[in-house]
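Engineer: First, the structure itself, so that you have it in front of you.
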Amino acid sequence: MGEVIVITSGKGGVGKTTTTANLGTGLASLGKKVVLVDTDIGLRNLDVVMGLENRIVYDLLDVVEGRCRLKQALIKDKRLENLYLLPANQTRDKTAVSRQQMVDLMAQLREEYEFVLIDCPAGIEMGFKNAIAGAEKALVVTTPEVAAVRDADRIIGLLEAAEMEAPRLIINRLRPDMVRKGDMMDIEDMLEILAIDLIGVVPEDEYIVISTNRGEPAVLDKHSRAGQAYRNIARRLTGEEVPFLNWDAGNGIMARLRRLIGLG
Amino acid sequence: MLEFLLRIFGRDTTASKKVAKERLRLVLVHDRAGVSPHLLEALKNDLISVISEYLDIDTQGLEVTLSHENDSVALVANIPILRVKRTFKTGAETSVKA
């Protein structure tokens, strides 16, 4: 029996889809059998981030409405043997699926896969409720911005109300240089405010744009800083203890100078 | 000069993250308490009408907010008093009047 984990955030544009793609790919490259489920019906994106948009024949809605078997809708990843994607439907909207259908679908998927990662749509309406319905764990993605942290707080409240296991936080797009200047909230600030456990911090990385352009998750690139962070989170998801990277200690010339004169 | 040096070395005294954190704190107190601005406004009006029976207050300068301290939420009312009413009625008299 696999784990069903929903990746959610409340606010849009903080990196839910990128996170889902990278963690799924990361877990699969650790040898786990993984399926990614895009529940953003009407606004599907996970397929393009994964570079699998040309292979879609059936989608999630076809499965729940019985037009095809589950196996027929699952798209096999180009790079990894044990990674699959169940794409969202692009022509209908969130009301096309019911909670019960989602619960049943996830129950079916967890029979086969060790990890079922659900890419949740933004918002707190039906799409969100459906996405969390069949999940047992949740990862909340936020960025170091007032609006994103506020929405994350709301989502954490809703997850608690839904009696979900304590969610864990991913801080995305952190800029250590700005944190050092005091112009961006740091990890402690956000943990203090949201009062949940941290599972990882992903630094801002231009390579994410490049990897999304190509449809190849950054986690596969050895040199990407964000990719490294995602690899660590994937390992933590498997239960491994991985120390957090130290974002505070810069090694740039200014950071060294700052330490030299006792300001760092 | 010191300010300039601190800025260069990344120790700005007016760091914007402090502003962000403070704003976030305030907005979350309201979000978490589930208190709408409408509720606060109604509460404020009721407070004015009750307190006005005893004191002359500056209704324009009156502020009713929620504050978050040590994991508990408090209702903070800042009510400027103009003067104490001389013709203070006792509870019995007011109820008769009502």
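So you can find residues: chains in the structure tokens are A, B, ... in the order shown, residues in each start at 1, and ligands are numbered from 1 in order.
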Show me, as a tab-separated table, the residues of chain A having an atom within 8 Å of chain B, each with the closest atom pair and its distance in Å, using only C-alpha atoms.
Structural biologist:
```
residue	atom	partner	partner_atom	distance
A:Glu145	CA	B:Ala20	CA	7.6
A:Val146	CA	B:Leu24	CA	5.8
A:Val149	CA	B:Leu24	CA	7.8
A:Arg150	CA	B:Leu28	CA	6.7
A:Asp153	CA	B:Leu28	CA	7.8
A:Arg154	CA	B:Asp31	CA	7.6
A:Arg180	CA	B:Gly10	CA	6.3
A:Lys181	CA	B:Gly10	CA	4.2
A:Gly182	CA	B:Ala15	CA	4.9
A:Asp183	CA	B:Ser16	CA	4.9
A:Met184	CA	B:Lys17	CA	5.0
A:Met185	CA	B:Lys17	CA	5.0
A:Asp189	CA	B:Lys21	CA	7.3
A:Ile193	CA	B:Arg25	CA	7.3
A:Met254	CA	B:Phe9	CA	7.3
A:Arg258	CA	B:Phe9	CA	6.4
A:Leu263	CA	B:Phe9	CA	7.7
```
Engineer: Limited to all heavy atoms, could you put the picked residues into a file as a compact mmCIF listing (two decimals), in the first residue's frame?
Structural biologist:
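Saved as part04.txt:
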```txt
# COMPACT_ATOMS: atom_id res chain seq x y z
N GLU A 145 6.76 35.26 0.76
CA GLU A 145 6.00 36.49 0.51
C GLU A 145 4.79 36.52 1.41
O GLU A 145 4.24 35.47 1.73
CB GLU A 145 5.50 36.52 -0.93
CG GLU A 145 6.57 36.70 -1.96
CD GLU A 145 6.05 36.27 -3.32
OE1 GLU A 145 6.02 35.05 -3.56
OE2 GLU A 145 5.65 37.13 -4.08
N VAL A 146 4.34 37.71 1.75
CA VAL A 146 3.22 37.86 2.68
C VAL A 146 1.98 37.12 2.17
O VAL A 146 1.36 36.35 2.88
CB VAL A 146 2.90 39.36 2.92
CG1 VAL A 146 1.68 39.51 3.81
CG2 VAL A 146 4.10 40.06 3.54
N VAL A 149 2.38 33.20 2.25
CA VAL A 149 2.39 32.65 3.62
C VAL A 149 0.99 32.75 4.23
O VAL A 149 0.52 31.84 4.91
CB VAL A 149 3.43 33.36 4.51
CG1 VAL A 149 3.39 32.84 5.93
CG2 VAL A 149 4.84 33.16 3.94
N ARG A 150 0.31 33.85 3.95
CA ARG A 150 -1.04 34.00 4.46
C ARG A 150 -1.94 32.86 3.93
O ARG A 150 -2.69 32.24 4.67
CB ARG A 150 -1.61 35.34 4.02
CG ARG A 150 -3.00 35.55 4.53
CD ARG A 150 -3.72 36.64 3.79
NE ARG A 150 -4.86 37.09 4.59
CZ ARG A 150 -5.60 38.13 4.28
NH1 ARG A 150 -5.33 38.85 3.22
NH2 ARG A 150 -6.63 38.46 5.03
N ASP A 153 -1.22 29.57 5.48
CA ASP A 153 -1.81 29.48 6.82
C ASP A 153 -3.28 29.03 6.73
O ASP A 153 -3.74 28.21 7.51
CB ASP A 153 -1.72 30.83 7.53
CG ASP A 153 -2.20 30.75 8.97
OD1 ASP A 153 -1.41 30.27 9.81
OD2 ASP A 153 -3.35 31.11 9.26
N ARG A 154 -3.98 29.59 5.77
CA ARG A 154 -5.39 29.24 5.58
C ARG A 154 -5.52 27.76 5.19
O ARG A 154 -6.37 27.04 5.69
CB ARG A 154 -5.95 30.14 4.47
CG ARG A 154 -7.41 29.99 4.21
CD ARG A 154 -8.18 31.10 4.90
NE ARG A 154 -9.56 31.12 4.42
CZ ARG A 154 -10.51 30.34 4.93
NH1 ARG A 154 -10.25 29.53 5.92
NH2 ARG A 154 -11.74 30.40 4.45
N ARG A 180 19.84 37.55 3.60
CA ARG A 180 20.98 38.13 4.32
C ARG A 180 20.86 39.64 4.47
O ARG A 180 21.24 40.20 5.47
CB ARG A 180 22.29 37.79 3.60
CG ARG A 180 22.81 36.41 3.95
CD ARG A 180 24.25 36.27 3.52
NE ARG A 180 24.40 36.24 2.09
CZ ARG A 180 24.26 35.16 1.34
NH1 ARG A 180 23.97 34.00 1.91
NH2 ARG A 180 24.40 35.20 0.05
N LYS A 181 20.27 40.27 3.46
CA LYS A 181 20.09 41.72 3.54
C LYS A 181 18.91 42.11 4.42
O LYS A 181 18.67 43.29 4.66
CB LYS A 181 19.86 42.29 2.13
CG LYS A 181 21.12 42.37 1.30
CD LYS A 181 20.83 43.12 0.02
CE LYS A 181 21.96 42.94 -0.98
NZ LYS A 181 21.46 42.55 -2.30
N GLY A 182 18.15 41.12 4.82
CA GLY A 182 16.97 41.44 5.63
C GLY A 182 15.80 41.87 4.78
O GLY A 182 14.83 42.45 5.26
N ASP A 183 15.87 41.58 3.49
CA ASP A 183 14.80 41.99 2.59
C ASP A 183 13.91 40.83 2.17
O ASP A 183 13.12 40.94 1.23
CB ASP A 183 15.37 42.69 1.35
CG ASP A 183 15.64 44.15 1.64
OD1 ASP A 183 14.94 44.71 2.50
OD2 ASP A 183 16.55 44.73 1.02
N MET A 184 14.06 39.70 2.85
CA MET A 184 13.16 38.58 2.59
C MET A 184 13.00 37.82 3.90
O MET A 184 13.98 37.65 4.63
CB MET A 184 13.74 37.67 1.50
CG MET A 184 12.85 36.51 1.13
SD MET A 184 13.51 35.55 -0.25
CE MET A 184 12.73 36.35 -1.64
N MET A 185 11.79 37.35 4.16
CA MET A 185 11.57 36.58 5.38
C MET A 185 12.46 35.33 5.35
O MET A 185 12.63 34.72 4.30
CB MET A 185 10.11 36.16 5.49
CG MET A 185 9.22 37.28 5.97
SD MET A 185 7.54 36.69 6.24
CE MET A 185 6.94 36.65 4.58
N ASP A 189 11.41 32.72 10.36
CA ASP A 189 10.24 33.61 10.38
C ASP A 189 8.99 32.85 9.97
O ASP A 189 7.95 32.92 10.61
CB ASP A 189 10.43 34.78 9.39
CG ASP A 189 11.51 35.74 9.83
OD1 ASP A 189 11.76 35.83 11.04
OD2 ASP A 189 12.12 36.40 8.96
N ILE A 193 5.66 31.57 12.21
CA ILE A 193 4.31 32.04 11.91
C ILE A 193 3.37 30.87 11.62
O ILE A 193 2.25 30.81 12.11
CB ILE A 193 4.35 33.04 10.74
CG1 ILE A 193 4.92 34.38 11.23
CG2 ILE A 193 2.96 33.24 10.13
CD1 ILE A 193 5.28 35.34 10.13
N MET A 254 31.33 39.09 -0.47
CA MET A 254 30.74 39.96 0.53
C MET A 254 30.47 39.19 1.83
O MET A 254 30.67 39.72 2.92
CB MET A 254 29.42 40.55 0.01
CG MET A 254 29.60 41.63 -1.04
SD MET A 254 30.83 42.84 -0.60
CE MET A 254 29.82 44.07 0.20
N ARG A 258 31.97 40.10 5.32
CA ARG A 258 31.08 40.37 6.43
C ARG A 258 31.50 39.58 7.66
O ARG A 258 31.51 40.07 8.77
CB ARG A 258 29.65 40.01 6.02
CG ARG A 258 28.59 40.76 6.79
CD ARG A 258 27.20 40.31 6.40
NE ARG A 258 26.94 40.40 4.98
CZ ARG A 258 26.60 39.36 4.23
NH1 ARG A 258 26.47 38.16 4.76
NH2 ARG A 258 26.38 39.52 2.96
N LEU A 263 30.33 40.94 11.15
CA LEU A 263 28.91 41.27 10.97
C LEU A 263 28.10 40.05 10.54
O LEU A 263 26.90 40.11 10.40
CB LEU A 263 28.75 42.38 9.93
CG LEU A 263 28.88 43.80 10.46
CD1 LEU A 263 28.90 44.79 9.31
CD2 LEU A 263 27.75 44.14 11.41
```
Engineer: As a compact mmCIF listing (two decimals) with N, CA and C atoms, in the first residue's frame, please: the residues near Leu43 of chain A (cut-off 10 Å, only C-alpha atoms, same-chain neighbours under 4 positions excluded).
Structural biologist:
```
# COMPACT_ATOMS: atom_id res chain seq x y z
N ASP A 38 -2.56 14.85 -11.85
CA ASP A 38 -2.90 16.27 -12.03
C ASP A 38 -4.39 16.43 -11.78
N THR A 39 -4.76 17.12 -10.70
CA THR A 39 -6.18 17.30 -10.40
C THR A 39 -6.68 18.69 -10.78
N ALA A 88 -4.81 15.67 -16.13
CA ALA A 88 -6.14 16.22 -15.90
C ALA A 88 -6.84 16.41 -17.24
N ASN A 89 -8.15 16.51 -17.17
CA ASN A 89 -8.92 16.85 -18.36
C ASN A 89 -8.78 18.35 -18.60
N GLN A 90 -8.78 18.77 -19.85
CA GLN A 90 -8.55 20.18 -20.14
C GLN A 90 -9.82 20.91 -20.59
N THR A 91 -10.90 20.18 -20.87
CA THR A 91 -12.08 20.84 -21.46
C THR A 91 -13.21 21.08 -20.47
N ARG A 92 -13.15 20.41 -19.31
CA ARG A 92 -14.24 20.60 -18.36
C ARG A 92 -13.74 21.41 -17.17
N ASP A 93 -14.52 21.44 -16.06
CA ASP A 93 -14.04 22.18 -14.89
C ASP A 93 -14.05 21.30 -13.64
N LYS A 94 -13.68 21.93 -12.51
CA LYS A 94 -13.48 21.18 -11.26
C LYS A 94 -14.73 20.42 -10.78
N PRO A 121 -5.06 21.94 -7.39
CA PRO A 121 -5.24 23.27 -7.98
C PRO A 121 -5.15 24.37 -6.92
```
Engineer: Enumerate the residues of segment 41-169 of chain A with a DSSP assignment of strand (DSSP E), computed from the backbone, and present them as a ChimeraX atom specification.
Structural biologist: /A:75-76,83-86,115-119,137-142,168-169
Engineer: In Å, rounded to a single decimal, give me how far atom CA of Val140 of chain A is from atom CA of Ser9 of chain A.
Structural biologist: 5.2 Å
Engineer: How many Å lie between atom CA of Asn78 of chain B and atom CA of Ser52 of chain B, rounded to one decimal?
Structural biologist: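 Between atom CA of Asn78 of chain B and atom CA of Ser52 of chain B the gap works out to 14.2 Å.
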Engineer: Just the residues within 10 Å of Arg175 of chain A, please, counting only C-alpha atoms, with nothing from its chain fewer than 6 positions along; format it as a ChimeraX atom specification.
Structural biologist: /A:143-144,183-186,202-205,247
Engineer: Keeping only N, CA, C and O atoms, take the residues you just selected and write them out as a compact mmCIF listing (two decimals), in the first residue's frame.
Structural biologist:
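Wrote result37.txt, looks like this:
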```txt
# COMPACT_ATOMS: atom_id res chain seq x y z
N THR A 143 6.06 30.55 -0.75
CA THR A 143 7.24 31.34 -1.09
C THR A 143 7.39 32.40 0.01
O THR A 143 6.43 32.64 0.74
N PRO A 144 8.56 33.02 0.16
CA PRO A 144 8.73 33.97 1.26
C PRO A 144 8.05 35.31 0.99
O PRO A 144 8.69 36.36 0.97
N ASP A 183 15.87 41.58 3.49
CA ASP A 183 14.80 41.99 2.59
C ASP A 183 13.91 40.83 2.17
O ASP A 183 13.12 40.94 1.23
N MET A 184 14.06 39.70 2.85
CA MET A 184 13.16 38.58 2.59
C MET A 184 13.00 37.82 3.90
O MET A 184 13.98 37.65 4.63
N MET A 185 11.79 37.35 4.16
CA MET A 185 11.57 36.58 5.38
C MET A 185 12.46 35.33 5.35
O MET A 185 12.63 34.72 4.30
N ASP A 186 13.02 34.97 6.49
CA ASP A 186 13.87 33.78 6.49
C ASP A 186 13.07 32.56 6.93
O ASP A 186 11.87 32.65 7.24
N VAL A 202 13.72 25.23 -1.08
CA VAL A 202 14.20 25.23 -2.46
C VAL A 202 14.63 26.65 -2.83
O VAL A 202 13.81 27.56 -2.77
N PRO A 203 15.90 26.84 -3.18
CA PRO A 203 16.33 28.19 -3.51
C PRO A 203 15.84 28.61 -4.89
O PRO A 203 15.57 27.76 -5.74
N GLU A 204 15.71 29.90 -5.08
CA GLU A 204 15.40 30.44 -6.40
C GLU A 204 16.51 29.98 -7.35
O GLU A 204 17.68 30.00 -7.00
N ASP A 205 16.12 29.53 -8.52
CA ASP A 205 17.12 28.97 -9.44
C ASP A 205 16.65 29.20 -10.87
O ASP A 205 15.59 28.72 -11.26
N TRP A 247 21.58 27.68 4.16
CA TRP A 247 21.42 28.78 3.21
C TRP A 247 21.98 30.08 3.75
O TRP A 247 22.14 31.04 3.01
```
Engineer: Counting only C-alpha atoms, what is within 10 Å of Leu105 of chain A, bar same-chain residues fewer than 5 positions away, as a ChimeraX atom specification?
Structural biologist: /A:60,63-64,70,99-100,110,134
Engineer: Take the residues from that selection and write them out as a PDB file, in the first residue's frame, keeping N, CA and C atoms.
Structural biologist:
```
ATOM      1  N   LEU A  60      -7.848  11.828 -16.483  1.00  0.00           N
ATOM      2  CA  LEU A  60      -8.468  11.479 -15.210  1.00  0.00           C
ATOM      3  C   LEU A  60      -9.985  11.332 -15.317  1.00  0.00           C
ATOM      4  N   VAL A  63     -11.188   8.206 -16.871  1.00  0.00           N
ATOM      5  CA  VAL A  63     -11.105   7.079 -15.945  1.00  0.00           C
ATOM      6  C   VAL A  63     -12.316   7.066 -15.011  1.00  0.00           C
ATOM      7  N   VAL A  64     -12.587   8.214 -14.348  1.00  0.00           N
ATOM      8  CA  VAL A  64     -13.674   8.206 -13.359  1.00  0.00           C
ATOM      9  C   VAL A  64     -15.051   8.067 -14.022  1.00  0.00           C
ATOM     10  N   LEU A  70      -8.062   2.444 -16.003  1.00  0.00           N
ATOM     11  CA  LEU A  70      -7.030   3.269 -15.368  1.00  0.00           C
ATOM     12  C   LEU A  70      -5.685   3.125 -16.091  1.00  0.00           C
ATOM     13  N   ARG A  99     -15.999  14.113  -4.860  1.00  0.00           N
ATOM     14  CA  ARG A  99     -15.058  13.691  -3.806  1.00  0.00           C
ATOM     15  C   ARG A  99     -14.913  12.180  -3.775  1.00  0.00           C
ATOM     16  N   GLN A 100     -16.054  11.525  -3.833  1.00  0.00           N
ATOM     17  CA  GLN A 100     -16.033  10.066  -3.722  1.00  0.00           C
ATOM     18  C   GLN A 100     -15.251   9.435  -4.877  1.00  0.00           C
ATOM     19  N   ARG A 110      -3.084   3.585  -5.053  1.00  0.00           N
ATOM     20  CA  ARG A 110      -2.145   3.231  -3.985  1.00  0.00           C
ATOM     21  C   ARG A 110      -1.909   1.726  -3.890  1.00  0.00           C
ATOM     22  N   GLY A 134      -8.725  12.223  -1.147  1.00  0.00           N
ATOM     23  CA  GLY A 134      -8.169  10.866  -1.147  1.00  0.00           C
ATOM     24  C   GLY A 134      -6.762  10.780  -0.601  1.00  0.00           C
TER      25      GLY A 134
END
```
Engineer: I need the residue nearest Ala135 of chain A from this list: A:Val4, A:Leu220, A:Val116, A:Cys68. Use only C-alpha atoms for the distance.
Structural biologist: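 Nearest to Ala135 of chain A: A:Val4.
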Engineer: Hey, can you check how far atom CA of Lys129 of chain A sits from atom CA of Ile56 of chain A?
Structural biologist: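 Between atom CA of Lys129 of chain A and atom CA of Ile56 of chain A the gap is 25.3 Å.
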Engineer: So which bits of segment 32-73 of chain B end up alpha helix (DSSP H) when you DSSP the backbone, as a PyMOL selection string?
Structural biologist: chain B and resi 32-33+37-51
Engineer: Would you mind listing what lies within 8 Å of Ile81 of chain B as a JSON list (two decimals) with C-alpha atoms, in the first residue's frame, with only C-alpha atoms counted and same-chain residues fewer than 3 positions away left out?
Structural biologist:
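around.json, freshly written:
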```
[["chain", "number", "residue", "atom", "x", "y", "z"],
["B", 55, "LEU", "CA", -18.52, 58.81, 29.42],
["B", 56, "ASP", "CA", -18.16, 61.32, 26.63],
["B", 57, "ILE", "CA", -15.85, 59.62, 24.21],
["B", 58, "ASP", "CA", -14.17, 60.57, 20.98],
["B", 84, "VAL", "CA", -16.74, 62.00, 32.46]]
```
